[in-house]
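*Asks:* Have a look at this one.
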Amino acid sequence: MADASTPNAASPTTPPAGAPPAATPPAAAAPAPPATAAAEEAKPATPKIKIKKRTQRACDEKAEKGKLCCGHLKRWYDYPKEIEALIGPKAEIYRCEFCKTLYKPDLSHRPHSYTLHY
C-alpha cells in the first residue's frame with residue numbers, strides 16, 4: 001500500500017525520466033502477409049537450358065557451393081506444355097536426374113535419336 005501512495009514510484013507503463021524510449025522489435029512491426037508467399041510458391045521457376053556437348057553423359061552444372069552435380073542426363077520424352085513452349089514440339093531434350101537442368105543437343109552434329117548410318 002505504501003508503494004501506491006508514494007509519488008516517486010515509477011509506473012510500469014511509463015519509462016523512467018532518464019531512460020531512452022523503448023523501441024518496438026522489427027519482427028513484430030511488419031509481419032509479411034502469407035498471401036504473397038503462397039503466390040511466389042505457385043509460380044514455377046524457369047528451368048535452366050544448356051547445350052549438351054558431343055559425348056556428354058553427365059551434368060556439368062555447378063551447385064551453390066561450387067561442386068559439380070554429375071547427374072546422369074536422361075532423354076525426356078513426355079515433358080509438360082510449359083517446357084514445350086520453351087523448346088518447341090517434339091524436340092530432343094535431356095534432363096539431369098538431380099538438378100533438373102535441361103540440355104539441348106549440339107546442332108552442329110547429327111542427333112543420336114536417328115538410326116545409325118554406316
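Chains: A, B, ... in order of the C-alpha cells. Residues: from 1 per chain. Ligands: from 1, in order shown.
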List the neighbours of Ala91 in chain A out to 9 Å using only C-alpha atoms; skip same-chain residues closer than 6 positions along the sequence, and give me the result as a PyMOL selection string.
*Replies:* chain A and resi 77+84+104
*Asks:* For the atom pair CA of Pro47 in chain A and CA of Leu107 in chain A, what is the interatomic distance in Å to one decimal place?
*Replies:*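 That distance, rounded to one decimal, is 20.2 Å.
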*Asks:* Skip range 62-73 of chain A itself and residues of its chain fewer than 3 positions away, then list as a list in words all residues within 7 Å of it, counting only C-alpha atoms.
*Replies:* Arg57, Ala58, Cys59, Tyr94, Arg95, Cys96, Glu97 and Phe98 of chain A
*Asks:* For a test of reading the model, state the distance in Å between CA of Leu86 in chain A and CA of Glu61 in chain A, rounded to one decimal.
*Replies:* 19.8 Å
*Asks:* Write out as a ChimeraX atom specification all residues of range 54-116 of chain A that DSSP puts in alpha helix (DSSP H) for this structure's backbone.
*Replies:* /A:81-87
*Asks:* For the selection just defined, write its residues with N, CA and C atoms to a file, as a PDB file, in the first residue's frame.
*Replies:*
```
ATOM      1  N   LYS A  81       3.611 -28.963 -71.053  1.00  0.00           N
ATOM      2  CA  LYS A  81       3.320 -27.944 -72.069  1.00  0.00           C
ATOM      3  C   LYS A  81       4.175 -26.694 -71.885  1.00  0.00           C
ATOM      4  N   GLU A  82       4.512 -26.331 -70.635  1.00  0.00           N
ATOM      5  CA  GLU A  82       5.327 -25.143 -70.381  1.00  0.00           C
ATOM      6  C   GLU A  82       6.731 -25.317 -70.972  1.00  0.00           C
ATOM      7  N   ILE A  83       7.274 -26.528 -70.858  1.00  0.00           N
ATOM      8  CA  ILE A  83       8.600 -26.808 -71.407  1.00  0.00           C
ATOM      9  C   ILE A  83       8.529 -26.866 -72.929  1.00  0.00           C
ATOM     10  N   GLU A  84       7.451 -27.412 -73.459  1.00  0.00           N
ATOM     11  CA  GLU A  84       7.273 -27.478 -74.916  1.00  0.00           C
ATOM     12  C   GLU A  84       7.209 -26.080 -75.516  1.00  0.00           C
ATOM     13  N   ALA A  85       6.617 -25.131 -74.791  1.00  0.00           N
ATOM     14  CA  ALA A  85       6.570 -23.753 -75.269  1.00  0.00           C
ATOM     15  C   ALA A  85       7.965 -23.134 -75.312  1.00  0.00           C
ATOM     16  N   LEU A  86       8.856 -23.570 -74.410  1.00  0.00           N
ATOM     17  CA  LEU A  86      10.217 -23.035 -74.385  1.00  0.00           C
ATOM     18  C   LEU A  86      11.115 -23.638 -75.465  1.00  0.00           C
ATOM     19  N   ILE A  87      11.020 -24.953 -75.682  1.00  0.00           N
ATOM     20  CA  ILE A  87      11.974 -25.631 -76.556  1.00  0.00           C
ATOM     21  C   ILE A  87      11.397 -26.051 -77.896  1.00  0.00           C
TER      22      ILE A  87
END
```
*Asks:* Which residue is closest to Pro105 in chain A? Choose from A:Lys50, A:Asp78, A:Asp60, A:Lys90 and count only C-alpha atoms.
*Replies:*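 Going through A:Lys50, A:Asp78, A:Asp60, A:Lys90 one by one, the smallest distance to Pro105 in chain A is for A:Lys50.
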*Asks:* What separation in Å, quoted to one decimal, exists between CA of Gln56 in chain A and CA of Gly88 in chain A?
*Replies:* 22.0 Å
